[in-house]
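Q: My structure is in input_8.txt, and what it holds is compact mmCIF, C-alpha atoms:
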# COMPACT_ATOMS: atom_id res chain seq x y z
CA VAL Q 1 -176.16 45.00 -146.82
CA LEU Q 2 -175.87 41.60 -148.54
CA SER Q 3 -179.16 41.37 -150.38
CA LYS Q 4 -182.26 43.54 -150.54
CA ARG Q 5 -184.51 40.51 -150.89
CA TRP Q 6 -183.49 39.42 -147.38
CA ARG Q 7 -184.52 42.76 -145.87
CA ASN Q 8 -188.02 41.76 -144.82
CA LEU Q 9 -187.35 38.15 -143.85
CA LEU Q 10 -187.01 39.12 -140.20
CA ALA Q 11 -190.79 39.55 -140.08
CA PHE Q 12 -191.21 35.80 -140.60
CA VAL Q 13 -188.64 34.57 -138.04
CA PRO Q 14 -190.66 32.34 -135.62
CA ASN Q 15 -188.11 32.32 -132.77
CA LEU Q 16 -186.36 35.26 -131.08
CA GLN Q 17 -183.43 34.93 -128.70
CA ILE Q 18 -182.20 38.31 -127.50
CA ASP Q 19 -179.38 38.63 -124.94
CA ASP Q 20 -177.93 42.00 -123.97
CA SER Q 21 -174.69 40.42 -122.67
CA VAL Q 22 -173.71 40.02 -126.33
CA PHE Q 23 -174.74 43.60 -127.02
CA LEU Q 24 -172.72 45.00 -124.11
CA HIS Q 25 -169.62 42.84 -124.53
CA PRO Q 26 -166.70 43.40 -124.18
CA GLU Q 27 -166.33 46.87 -122.66
CA GLU Q 28 -166.26 46.83 -118.85
CA GLY Q 29 -168.83 49.15 -117.30
CA LYS Q 30 -170.70 49.59 -120.56
CA ARG Q 31 -173.93 48.18 -119.14
CA TYR Q 32 -174.08 50.95 -116.51
CA ARG Q 33 -174.27 53.76 -119.08
CA ASN Q 34 -177.89 54.84 -119.52
CA GLU Q 35 -177.49 55.75 -123.18
CA ILE Q 36 -176.12 52.29 -123.99
CA ARG Q 37 -178.93 50.52 -122.16
CA GLN Q 38 -181.47 52.77 -123.83
CA SER Q 39 -180.04 51.91 -127.24
CA PHE Q 40 -180.60 48.21 -126.47
CA VAL Q 41 -184.22 48.90 -125.49
CA ASP Q 42 -184.68 50.80 -128.76
CA PHE Q 43 -183.14 47.87 -130.63
CA VAL Q 44 -185.75 45.46 -129.20
CA ASP Q 45 -188.49 47.95 -130.08
CA ARG Q 46 -187.33 48.01 -133.69
CA ILE Q 47 -187.16 44.21 -133.91
CA LEU Q 48 -190.73 43.81 -132.68
CA ALA Q 49 -191.95 46.64 -134.91
CA LEU Q 50 -190.35 45.07 -138.00
CA GLN Q 51 -192.10 41.77 -137.27
CA GLY Q 52 -195.47 43.44 -137.08
CA ASN Q 53 -198.29 40.98 -136.37
CA SER Q 54 -196.57 37.88 -137.76
CA PRO Q 55 -197.01 34.70 -135.67
CA ILE Q 56 -194.22 33.81 -133.25
CA LYS Q 57 -193.44 30.58 -131.34
CA LYS Q 58 -190.51 31.08 -128.94
CA VAL Q 59 -189.10 34.21 -127.31
CA SER Q 60 -186.12 34.39 -124.96
CA LEU Q 61 -185.15 37.79 -123.57
CA LYS Q 62 -182.22 38.31 -121.20
CA CYS Q 63 -181.62 41.88 -120.16
CA LEU Q 64 -179.51 42.94 -117.15
CA GLY Q 65 -179.96 46.66 -117.60
CA MET Q 66 -183.70 47.23 -118.12
CA LEU Q 67 -184.79 50.84 -117.72
CA ASP Q 68 -188.57 50.84 -118.00
CA ALA Q 69 -191.02 48.30 -116.52
CA GLU Q 70 -193.84 49.61 -118.74
CA ARG Q 71 -191.72 48.99 -121.83
CA LEU Q 72 -191.26 45.37 -120.71
CA ASP Q 73 -195.05 45.07 -120.33
CA ASP Q 74 -195.43 46.25 -123.93
CA TRP Q 75 -192.93 43.65 -125.18
CA ILE Q 76 -194.68 40.83 -123.34
CA SER Q 77 -198.08 41.93 -124.56
CA ASN Q 78 -196.72 42.12 -128.12
CA VAL Q 79 -195.55 38.49 -128.24
CA LEU Q 80 -198.54 37.13 -126.29
CA VAL Q 81 -200.97 38.69 -128.78
CA ARG Q 82 -198.98 37.11 -131.62
CA GLY Q 83 -199.47 33.63 -130.14
CA VAL Q 84 -196.08 32.89 -128.50
CA SER Q 85 -196.05 29.39 -126.97
CA GLU Q 86 -192.71 29.55 -125.08
CA LEU Q 87 -191.56 32.64 -123.18
CA ASP Q 88 -188.28 32.95 -121.24
CA LEU Q 89 -187.60 36.20 -119.38
CA SER Q 90 -184.50 37.05 -117.35
CA ILE Q 91 -184.73 40.73 -116.48
CA CYS Q 92 -182.94 42.96 -113.99
CA PHE Q 93 -184.17 46.53 -113.67
CA SER Q 94 -181.89 49.41 -112.87
CA VAL Q 95 -184.18 50.61 -110.06
CA GLU Q 96 -186.72 47.83 -109.42
CA GLU Q 97 -185.12 44.49 -108.67
CA TYR Q 98 -187.70 42.04 -109.96
CA ILE Q 99 -190.20 41.45 -112.73
CA LEU Q 100 -193.50 42.52 -111.22
CA MET Q 101 -196.09 39.97 -112.27
CA SER Q 102 -198.75 42.31 -110.95
CA THR Q 103 -197.92 44.79 -113.72
CA ILE Q 104 -197.46 42.26 -116.52
CA ARG Q 105 -200.45 41.48 -118.68
CA PHE Q 106 -200.15 37.70 -118.71
CA GLU Q 107 -203.12 36.56 -120.74
CA SER Q 108 -202.71 34.01 -123.48
CA LYS Q 109 -204.62 31.05 -124.92
CA ASN Q 110 -201.41 29.77 -126.57
CA LEU Q 111 -198.66 30.07 -123.93
CA VAL Q 112 -197.44 26.56 -123.03
CA LYS Q 113 -194.09 27.25 -121.33
CA LEU Q 114 -193.19 30.21 -119.11
CA LYS Q 115 -189.80 30.78 -117.47
CA LEU Q 116 -189.18 33.77 -115.22
CA HIS Q 117 -185.92 34.80 -113.58
CA ASN Q 118 -186.04 37.56 -110.93
CA ALA Q 119 -189.81 37.55 -110.58
CA TYR Q 120 -191.83 39.36 -107.92
CA ILE Q 121 -195.19 37.64 -107.54
CA GLY Q 122 -197.54 39.88 -105.64
CA CYS Q 123 -200.93 39.00 -107.09
CA GLN Q 124 -202.98 35.96 -107.97
CA ILE Q 125 -203.22 34.79 -111.57
CA GLU Q 126 -206.79 34.22 -112.74
CA SER Q 127 -207.45 30.67 -113.98
CA GLU Q 128 -208.76 31.84 -117.37
CA LEU Q 129 -205.61 33.87 -118.20
CA LEU Q 130 -203.25 30.96 -118.99
CA PRO Q 131 -205.44 27.91 -119.67
CA MET Q 132 -202.81 26.06 -121.79
CA LEU Q 133 -199.72 26.57 -119.61
CA LYS Q 134 -197.97 23.20 -119.06
CA THR Q 135 -194.48 24.24 -117.88
CA LEU Q 136 -193.69 26.91 -115.29
CA VAL Q 137 -190.07 27.65 -114.26
CA LEU Q 138 -189.42 30.21 -111.51
CA GLU Q 139 -185.85 31.16 -110.61
CA SER Q 140 -184.96 33.73 -107.93
CA ALA Q 141 -188.64 34.45 -107.41
CA ARG Q 142 -190.25 36.23 -104.47
CA PHE Q 143 -193.73 35.15 -103.38
CA TYR Q 144 -196.07 37.46 -101.52
CA VAL Q 145 -199.21 35.48 -102.28
CA ASP Q 146 -200.71 32.20 -101.13
CA TYR Q 147 -198.88 29.61 -103.20
CA LYS Q 148 -201.66 27.03 -103.10
CA SER Q 149 -204.11 29.45 -104.68
CA PHE Q 150 -201.48 30.63 -107.14
CA LEU Q 151 -200.82 27.13 -108.51
CA SER Q 152 -204.44 26.08 -108.62
CA ALA Q 153 -204.99 28.68 -111.36
CA PHE Q 154 -202.99 26.58 -113.84
CA ALA Q 155 -205.38 23.78 -114.76
CA ALA Q 156 -203.12 22.26 -117.45
CA LEU Q 157 -199.79 22.53 -115.56
CA GLU Q 158 -197.59 19.41 -115.86
CA LYS Q 159 -194.05 20.59 -115.00
CA LEU Q 160 -193.02 22.96 -112.21
CA VAL Q 161 -189.43 24.06 -111.40
CA LEU Q 162 -188.69 26.19 -108.32
CA VAL Q 163 -185.08 27.35 -107.85
CA ASP Q 164 -183.90 29.89 -105.26
CA VAL Q 165 -187.43 30.92 -104.26
CA PHE Q 166 -188.23 33.08 -101.22
CA TRP Q 167 -191.60 32.66 -99.48
CA TYR Q 168 -192.75 35.79 -97.66
CA LEU Q 169 -195.77 34.35 -95.88
CA SER Q 170 -196.68 35.21 -92.32
CA SER Q 171 -198.18 31.76 -91.74
CA LYS Q 172 -194.93 29.99 -92.67
CA ASP Q 173 -197.05 27.31 -94.31
CA VAL Q 174 -196.58 26.52 -98.00
CA THR Q 175 -198.70 24.04 -99.95
CA VAL Q 176 -197.76 22.88 -103.44
CA SER Q 177 -201.15 21.88 -104.80
CA ASN Q 178 -202.06 21.02 -108.38
CA ALA Q 179 -204.09 18.06 -109.64
CA SER Q 180 -202.44 17.87 -113.09
CA LEU Q 181 -198.78 18.32 -112.05
CA LYS Q 182 -196.54 15.42 -113.13
CA THR Q 183 -192.99 16.74 -112.62
CA LEU Q 184 -191.80 18.82 -109.65
CA THR Q 185 -188.24 20.12 -109.10
CA MET Q 186 -187.33 22.14 -106.00
CA ASN Q 187 -183.78 23.38 -105.40
CA SER Q 188 -182.24 25.81 -102.88
CA ASN Q 189 -185.52 27.32 -101.77
CA HIS Q 190 -185.30 29.59 -98.75
CA PHE Q 191 -187.99 28.15 -96.52
CA SER Q 192 -187.86 26.72 -93.01
CA GLY Q 193 -191.55 26.40 -92.25
CA ILE Q 194 -194.14 23.73 -93.03
CA PHE Q 195 -194.34 22.16 -96.48
CA SER Q 196 -197.29 20.19 -97.87
CA PHE Q 197 -197.65 18.44 -101.22
CA ASP Q 198 -201.06 17.82 -102.74
CA THR Q 199 -199.96 16.47 -106.12
CA PRO Q 200 -201.84 13.21 -106.86
CA SER Q 201 -200.64 12.98 -110.49
CA LEU Q 202 -196.94 13.52 -109.73
CA VAL Q 203 -194.59 10.90 -111.28
CA TYR Q 204 -191.19 12.66 -110.85
CA PHE Q 205 -189.98 14.53 -107.77
CA CYS Q 206 -186.56 16.19 -107.37
CA TYR Q 207 -185.89 17.83 -104.00
CA SER Q 208 -182.61 19.47 -102.94
CA ASP Q 209 -182.72 21.55 -99.77
CA TYR Q 210 -182.58 21.59 -95.99
CA VAL Q 211 -185.30 19.64 -94.23
CA ALA Q 212 -188.42 21.66 -93.46
CA LYS Q 213 -190.02 21.70 -90.01
CA ASP Q 214 -192.90 19.48 -90.98
CA TYR Q 215 -194.58 17.75 -93.95
CA PRO Q 216 -198.15 17.18 -92.72
CA LEU Q 217 -199.50 16.30 -96.17
CA VAL Q 218 -197.66 14.36 -98.85
CA LYS Q 219 -200.02 13.18 -101.58
CA MET Q 220 -197.92 11.54 -104.32
CA GLU Q 221 -199.46 8.11 -104.77
CA ASN Q 222 -198.41 7.85 -108.44
CA LEU Q 223 -194.75 8.84 -107.90
CA LEU Q 224 -192.37 6.70 -110.00
CA GLU Q 225 -189.02 8.45 -109.49
CA ALA Q 226 -187.62 10.58 -106.68
CA ARG Q 227 -184.24 12.29 -106.48
CA ILE Q 228 -183.65 13.38 -102.90
CA SER Q 229 -180.83 15.62 -101.68
CA LEU Q 230 -181.18 16.70 -98.06
CA LEU Q 231 -178.62 19.01 -96.48
CA VAL Q 232 -177.13 18.82 -92.99
CA THR Q 233 -174.35 20.62 -91.15
CA GLU Q 234 -170.92 19.17 -90.36
CA ASP Q 235 -171.83 19.19 -86.67
CA GLN Q 236 -174.85 17.01 -87.36
CA ILE Q 237 -172.67 14.62 -89.37
CA GLU Q 238 -170.29 14.26 -86.43
CA ARG Q 239 -173.19 13.52 -84.11
CA ALA Q 240 -174.41 10.84 -86.50
CA ARG Q 241 -171.06 9.06 -86.23
CA GLU Q 242 -171.04 8.94 -82.43
CA PRO Q 243 -171.80 5.48 -80.98
CA ASN Q 244 -175.47 5.25 -80.08
CA ASN Q 245 -175.78 9.01 -80.69
CA GLN Q 246 -173.91 9.84 -77.50
CA GLY Q 247 -174.01 13.50 -76.53
CA VAL Q 248 -177.29 14.11 -78.34
CA GLU Q 249 -179.80 15.44 -75.86
CA ASP Q 250 -183.53 15.09 -76.31
CA GLY Q 251 -184.76 17.63 -78.80
CA GLU Q 252 -181.23 18.77 -79.69
CA ASP Q 253 -180.98 17.14 -83.09
CA ASP Q 254 -183.87 18.72 -84.95
CA VAL Q 255 -182.86 16.91 -88.14
CA VAL Q 256 -183.87 13.59 -86.61
CA LEU Q 257 -187.21 15.04 -85.61
CA ARG Q 258 -187.73 16.60 -89.01
CA PHE Q 259 -186.90 13.41 -90.85
CA GLY Q 260 -189.61 11.61 -88.93
CA ASN Q 261 -192.00 13.88 -90.81
CA ARG Q 262 -189.99 13.68 -94.05
CA ARG Q 263 -190.23 9.90 -94.38
CA SER Q 264 -193.59 10.05 -96.16
CA CYS Q 265 -191.92 11.74 -99.14
CA PHE Q 266 -189.65 8.70 -99.45
CA GLU Q 267 -192.35 6.12 -98.88
CA THR Q 268 -194.50 7.35 -101.75
CA CYS Q 269 -191.97 6.42 -104.44
CA ASN Q 270 -193.26 3.46 -106.48
CA GLY Q 271 -190.32 2.83 -108.77
CA LYS Q 272 -186.95 4.58 -108.73
CA MET Q 273 -185.25 6.66 -106.04
CA SER Q 274 -181.91 8.46 -106.15
CA ILE Q 275 -180.21 9.63 -102.96
CA CYS Q 276 -178.10 12.04 -104.95
CA GLY Q 277 -176.94 14.45 -102.27
CA LEU Q 278 -173.97 13.48 -100.13
CA SER Q 279 -175.53 15.09 -97.07
CA CYS Q 280 -178.83 13.31 -97.69
CA TYR Q 281 -177.19 10.06 -96.74
CA GLN Q 282 -176.17 11.60 -93.44
CA VAL Q 283 -179.78 12.54 -92.72
CA LEU Q 284 -180.73 8.92 -93.27
CA SER Q 285 -177.87 7.88 -91.00
CA LEU Q 286 -179.24 10.09 -88.24
CA CYS Q 287 -182.62 8.44 -88.48
CA CYS Q 288 -182.02 4.70 -88.90
CA ASP Q 289 -184.54 3.87 -86.17
CA SER Q 290 -187.33 5.67 -88.05
CA MET Q 291 -186.37 4.52 -91.54
CA PRO Q 292 -189.54 3.87 -93.58
CA VAL Q 293 -190.17 0.68 -95.53
CA PHE Q 294 -189.99 1.31 -99.28
CA LYS Q 295 -192.61 -1.23 -100.32
CA ASN Q 296 -192.67 -0.35 -104.02
CA LEU Q 297 -189.06 0.70 -104.62
CA LYS Q 298 -187.46 -1.12 -107.57
CA SER Q 299 -184.33 0.97 -108.32
CA LEU Q 300 -182.08 2.84 -105.87
CA SER Q 301 -179.13 5.13 -106.67
CA ILE Q 302 -176.75 6.37 -103.98
CA LYS Q 303 -173.90 8.84 -104.37
CA ASN Q 304 -171.15 8.58 -101.78
CA GLU Q 305 -167.63 9.82 -101.00
CA GLU Q 306 -164.84 8.88 -98.61
CA SER Q 307 -165.80 11.50 -96.01
CA ARG Q 308 -169.36 10.12 -95.67
CA GLY Q 309 -170.31 7.07 -93.64
CA TRP Q 310 -172.48 4.07 -94.48
CA GLN Q 311 -174.50 4.05 -91.27
CA ALA Q 312 -177.81 3.94 -93.13
CA MET Q 313 -176.90 1.32 -95.73
CA PRO Q 314 -177.87 -1.86 -93.81
CA VAL Q 315 -181.32 -0.53 -92.80
CA LEU Q 316 -181.89 1.00 -96.23
CA LEU Q 317 -181.34 -2.35 -97.94
CA ARG Q 318 -183.38 -4.31 -95.41
CA ASN Q 319 -186.28 -1.86 -95.79
CA SER Q 320 -186.42 -2.27 -99.58
CA PRO Q 321 -188.12 -5.67 -99.93
CA HIS Q 322 -188.63 -5.42 -103.72
CA LEU Q 323 -185.39 -3.71 -104.74
CA GLU Q 324 -184.05 -5.03 -108.05
CA THR Q 325 -181.35 -2.53 -109.13
CA LEU Q 326 -178.77 -0.87 -106.89
CA VAL Q 327 -176.48 1.88 -108.27
CA LEU Q 328 -173.53 2.97 -106.12
CA GLU Q 329 -171.45 5.98 -107.16
CA GLY Q 330 -168.39 5.62 -104.96
CA LEU Q 331 -167.64 2.57 -102.80
CA LEU Q 332 -165.09 4.11 -100.43
CA HIS Q 333 -166.64 5.63 -97.32
CA TYR Q 334 -165.89 6.82 -93.82
CA ILE Q 335 -165.51 3.77 -91.57
CA THR Q 336 -167.46 3.79 -88.31
CA ASP Q 337 -168.82 1.15 -85.97
CA LYS Q 338 -172.22 1.73 -87.57
CA CYS Q 339 -171.35 0.50 -91.06
CA GLY Q 340 -173.06 -2.70 -90.01
CA ASP Q 341 -173.00 -5.74 -92.21
CA ALA Q 342 -173.35 -4.00 -95.58
CA CYS Q 343 -169.59 -3.72 -96.15
CA ASP Q 344 -166.43 -5.61 -95.21
CA CYS Q 345 -164.76 -2.77 -93.30
CA VAL Q 346 -165.99 -3.92 -89.88
CA SER Q 347 -165.67 -7.52 -88.72
CA GLN Q 348 -168.96 -8.80 -87.36
CA GLU Q 349 -170.45 -12.20 -86.68
CA GLU Q 350 -173.59 -11.42 -88.67
CA LYS Q 351 -171.69 -9.92 -91.56
CA GLY Q 352 -173.63 -9.72 -94.81
CA ARG Q 353 -177.07 -10.25 -93.27
CA SER Q 354 -178.61 -7.13 -94.83
CA LEU Q 355 -177.26 -8.23 -98.22
CA THR Q 356 -178.52 -11.81 -98.10
CA SER Q 357 -182.06 -10.63 -97.38
CA CYS Q 358 -182.01 -8.04 -100.20
CA PRO Q 359 -183.47 -9.18 -103.58
CA VAL Q 360 -181.07 -7.05 -105.70
CA LYS Q 361 -180.48 -8.64 -109.11
CA ALA Q 362 -178.40 -5.93 -110.81
CA LEU Q 363 -175.57 -3.93 -109.25
CA GLU Q 364 -173.91 -0.92 -110.92
CA ILE Q 365 -170.72 0.60 -109.49
CA LYS Q 366 -169.75 4.02 -110.86
CA GLY Q 367 -166.58 6.00 -110.29
CA PHE Q 368 -164.56 2.81 -109.72
CA ARG Q 369 -160.82 3.47 -109.33
CA GLY Q 370 -159.44 -0.03 -108.99
CA THR Q 371 -158.26 0.17 -105.38
CA THR Q 372 -157.83 -2.90 -103.21
CA LYS Q 373 -160.58 -1.74 -100.85
CA GLU Q 374 -163.00 -1.39 -103.75
CA MET Q 375 -162.12 -4.85 -105.03
CA ASN Q 376 -162.78 -6.31 -101.57
CA MET Q 377 -166.14 -4.58 -101.50
CA ILE Q 378 -167.13 -6.09 -104.84
CA LYS Q 379 -166.13 -9.52 -103.61
CA HIS Q 380 -168.21 -8.93 -100.50
CA PHE Q 381 -171.24 -8.08 -102.63
CA LEU Q 382 -170.64 -11.09 -104.84
CA ASP Q 383 -170.53 -13.40 -101.85
CA TYR Q 384 -173.56 -12.11 -99.95
CA PHE Q 385 -176.10 -10.83 -102.49
CA GLN Q 386 -178.08 -14.05 -102.96
CA CYS Q 387 -180.11 -12.94 -106.00
CA LEU Q 388 -177.35 -11.03 -107.81
CA ARG Q 389 -177.20 -11.81 -111.54
CA GLU Q 390 -175.27 -8.89 -113.02
CA ILE Q 391 -172.54 -6.45 -111.97
CA LYS Q 392 -171.47 -3.47 -114.09
CA ILE Q 393 -168.26 -1.71 -113.05
CA TYR Q 394 -167.61 1.72 -114.58
CA MET Q 395 -164.06 3.16 -114.69
CA GLU Q 396 -162.99 6.52 -116.09
CA GLU Q 397 -160.56 6.15 -118.98
CA ASN Q 398 -158.04 8.74 -117.75
CA ASP Q 399 -158.60 8.40 -114.00
CA PRO Q 400 -155.37 7.60 -112.06
CA THR Q 401 -155.84 4.28 -110.29
CA GLN Q 402 -153.75 2.12 -108.02
CA LEU Q 403 -154.26 -0.74 -110.46
CA ARG Q 404 -154.08 -0.52 -114.21
CA VAL Q 405 -157.08 -1.69 -116.21
CA PRO Q 406 -155.50 -5.02 -117.25
CA GLU Q 407 -154.57 -5.68 -113.60
CA VAL Q 408 -158.11 -4.89 -112.50
CA SER Q 409 -159.37 -7.29 -115.12
CA GLU Q 410 -157.09 -10.04 -113.81
CA VAL Q 411 -158.21 -9.47 -110.22
CA ILE Q 412 -161.87 -9.67 -111.21
CA ALA Q 413 -161.26 -12.92 -113.09
CA GLU Q 414 -159.45 -14.38 -110.09
CA MET Q 415 -162.19 -13.16 -107.77
CA MET Q 416 -164.86 -14.95 -109.81
CA GLU Q 417 -162.90 -18.19 -109.72
CA HIS Q 418 -162.83 -18.22 -105.92
CA SER Q 419 -166.34 -16.92 -105.29
CA GLU Q 420 -169.07 -19.44 -104.51
CA LYS Q 421 -171.74 -17.18 -106.08
CA SER Q 422 -169.86 -16.34 -109.27
CA SER Q 423 -171.46 -19.21 -111.18
CA SER Q 424 -174.77 -17.32 -111.21
CA CYS Q 425 -173.50 -13.80 -111.90
CA ASN Q 426 -172.16 -11.95 -114.93
CA ILE Q 427 -169.63 -9.13 -114.54
CA GLN Q 428 -168.87 -6.33 -117.01
CA LEU Q 429 -165.95 -3.91 -116.79
CA LEU Q 430 -166.61 -0.68 -118.70
CA VAL Q 431 -163.84 1.87 -119.26
CA GLY Q 432 -164.79 5.34 -120.46
CA GLY Q 433 -168.31 4.09 -121.14
CA TYR Q 434 -167.14 1.25 -123.42
CA LEU Q 435 -167.12 -2.45 -122.59
CA TYR Q 436 -163.58 -3.58 -121.80
CA LYS Q 437 -164.16 -7.14 -120.59
CA LYS Q 438 -167.10 -9.36 -119.79
CA TRP Q 439 -167.15 -12.47 -117.65
CA THR Q 440 -170.11 -14.74 -118.26
CA ALA Q 441 -171.21 -17.34 -115.73
CA GLN Q 442 -170.76 -20.89 -116.94
Translate this structure into structure tokens?
A:
Amino acid sequence: VLSKRWRNLLAFVPNLQIDDSVFLHPEEGKRYRNEIRQSFVDFVDRILALQGNSPIKKVSLKCLGMLDAERLDDWISNVLVRGVSELDLSICFSVEEYILMSTIRFESKNLVKLKLHNAYIGCQIESELLPMLKTLVLESARFYVDYKSFLSAFAALEKLVLVDVFWYLSSKDVTVSNASLKTLTMNSNHFSGIFSFDTPSLVYFCYSDYVAKDYPLVKMENLLEARISLLVTEDQIERAREPNNQGVEDGEDDVVLRFGNRRSCFETCNGKMSICGLSCYQVLSLCCDSMPVFKNLKSLSIKNEESRGWQAMPVLLRNSPHLETLVLEGLLHYITDKCGDACDCVSQEEKGRSLTSCPVKALEIKGFRGTTKEMNMIKHFLDYFQCLREIKIYMEENDPTQLRVPEVSEVIAEMMEHSEKSSSCNIQLLVGGYLYKKWTAQ
């Protein structure tokens, strides 16, 4: 309409991003009309036909009203033949629920990144079909094949993301095995059987789910960073808070038993670990007696809230002999008789012992609100962390606090004056991400 010389430029567009939610908006119920969905399919056909055999790099196709699985096969074959390197498919058929990988002709010497949403995986992928694939993302996938054999076909795979995956295996035994894999993310996967990890090159591991029954093999000797989020029920949290685990019969608390097998996933981390799930901390609290020693851990991040206890904190710090950086998101916690000597909420004769033995040099406190309890906690850390050299306190700019920022600043200054260890530690107060005040040891 605007210019005839632009008419054929579509043939040279290297990236296609097609989303039928834009096409079907805004009329309610429009996507359920067959003629409308068919017109979208015809639209995609015309786009691909106009491009002919021109090279293409990235293709993203989101279609919630697909009519024909064979037509989808044709589209995929079209872009694979033209050398696509990144392919993102989110398809929902009107009759069939998932993308059937068994009917899709996945064969490409150029495909580097593949993302599938609503995928049904019912056949093995031959190793020579996708020799260059480095990133594989599966969301809402259904597996009816042996996963170990499936992954071993990708010789160049470096990044794997599994979200909301169902494993339909009679053996209830899943092995994630790939020699080249460096990054692994697993979130909300529906599996309660036995998990094994044979990933010797893995450097980053993110795991968010309920604890599996067993982890007989965990091969991650090169792991540098782990983000662990384990889920437990409210009943299990209550049992963790009971003195000496009263009321817990032998074999009743399967989380404790499962964590005994889970510890190897923690132990393998050689650099940085984040306990990012609130419930994960409760799993650790349930299993203080079997807490592993993190021999190579240098940086630890813990997210907490007022409804969660600190039962695991003393043992966690004592079992990290080379810890240098500790990041705490939320200082306020549920007070129990198991908080130990890591905080000032319980009066004990050996108060601060787990802190004095910990080699932490840098402490970061996020989500600080300026309450009196938080200030007392900081003073406690300042007094008992023997090697502490730096504290960074992060406050939100518009967060309502009991103390205003200038008042917080005054309290920190006063606290440093009366602390015996303040002469060797620097404190920074950051508001909204910007440095508000810095106190330098003199």
Q: Considering only C-alpha atoms, give me a table of residues in range 315-417 of chain Q that are at most 10 Å from range 428-441 of chain Q, with the closest atom pair and distance in Å for each, as a tab-separated table.
A:
residue	atom	partner	partner_atom	distance
Q:Glu364	CA	Q:Gln428	CA	9.6
Q:Ile365	CA	Q:Leu429	CA	9.8
Q:Lys366	CA	Q:Leu430	CA	9.7
Q:Phe368	CA	Q:Val431	CA	9.6
Q:Arg389	CA	Q:Ala441	CA	9.2
Q:Glu390	CA	Q:Gln428	CA	8.0
Q:Ile391	CA	Q:Gln428	CA	6.2
Q:Lys392	CA	Q:Gln428	CA	4.8
Q:Ile393	CA	Q:Leu429	CA	4.9
Q:Tyr394	CA	Q:Leu430	CA	4.9
Q:Met395	CA	Q:Val431	CA	4.8
Q:Glu396	CA	Q:Gly432	CA	4.9
Q:Glu397	CA	Q:Gly432	CA	4.6
Q:Asn398	CA	Q:Gly432	CA	8.0
Q:Asp399	CA	Q:Gly432	CA	9.5
Q:Val405	CA	Q:Val431	CA	8.2
Q:Pro406	CA	Q:Tyr436	CA	9.4
Q:Val408	CA	Q:Leu429	CA	9.0
Q:Ser409	CA	Q:Lys437	CA	7.3
Q:Ile412	CA	Q:Trp439	CA	8.8
Q:Ala413	CA	Q:Trp439	CA	7.5
Q:Met416	CA	Q:Trp439	CA	8.5
Q: Could you tell me how far CA of Arg227 in chain Q sits from CA of Ser301 in chain Q, in Å to one decimal place?
A: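 About the pair CA of Ser301 in chain Q and CA of Arg227 in chain Q: they are 8.8 Å apart.
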Q: Of the candidates Q:Thr199, Q:Tyr207, Q:His380, Q:Arg142, which shows the shortest atom-to-atom distance to Met220 in chain Q, using all atoms listed in the file?
A: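 For Met220 in chain Q, the nearest of the given residues is Q:Thr199.
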Q: Work out how far apart CA of Ser180 in chain Q and CA of Ser152 in chain Q are and give it in Å to one decimal.
A: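 Result for CA of Ser180 in chain Q versus CA of Ser152 in chain Q: 9.6 Å, one decimal.
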Q: So which one's closest to Leu64 in chain Q, Q:Arg353, Q:Lys219, Q:Arg37, Q:Lys379? Using only C-alpha atoms, please.
A: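 Nearest candidate to Leu64 in chain Q out of Q:Arg353, Q:Lys219, Q:Arg37, Q:Lys379: Q:Arg37.
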Q: Just how far from CA of Glu70 in chain Q is CA of Tyr168 in chain Q, in Å to one decimal?
A: 25.2 Å
Q: Which polymer residues have any atom within 7 Å of an atom of Pro314 in chain Q, counting only C-alpha atoms, with same-chain residues fewer than 2 positions away left out, as a PDB file with C-alpha atoms, in the frame of the given file?
A:
ATOM      1  CA  ALA Q 312    -177.810   3.940 -93.130  1.00  0.00           C
ATOM      2  CA  LEU Q 316    -181.890   1.000 -96.230  1.00  0.00           C
ATOM      3  CA  LEU Q 317    -181.340  -2.350 -97.940  1.00  0.00           C
ATOM      4  CA  ARG Q 318    -183.380  -4.310 -95.410  1.00  0.00           C
ATOM      5  CA  GLY Q 340    -173.060  -2.700 -90.010  1.00  0.00           C
ATOM      6  CA  ASP Q 341    -173.000  -5.740 -92.210  1.00  0.00           C
ATOM      7  CA  ALA Q 342    -173.350  -4.000 -95.580  1.00  0.00           C
ATOM      8  CA  SER Q 354    -178.610  -7.130 -94.830  1.00  0.00           C
TER       9      SER Q 354
END
Q: Restricting the calculation to only C-alpha atoms, which member of Q:Leu48, Q:Ile228, Q:Leu61, Q:Leu9 is positioned closest to Arg82 in chain Q?
A: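 Using only C-alpha atoms, Arg82 in chain Q sits closest to Q:Leu48.
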Q: Measuring atom to atom with only C-alpha atoms, identify which of Q:Asp164, Q:Asp45, Q:Glu374, Q:Asp344 is nearest to Leu72 in chain Q.
A: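 Of Q:Asp164, Q:Asp45, Q:Glu374, Q:Asp344, the one nearest Leu72 in chain Q, counting only C-alpha atoms, is Q:Asp45.
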Q: Env of Tyr334 in chain Q: 6 Å cut, atoms = only C-alpha atoms, seq-sep filter 3 positions within chain, self excluded. Answer as number ranges by chain.
A: Q: 306-309
Q: List the residues sitting within 10 Å of (-198.1, 29.1, -122.4) in the file's frame, using all atoms listed in the file, as a ChimeraX atom specification.
A: /Q:80,83-87,106-115,129-136,156-157
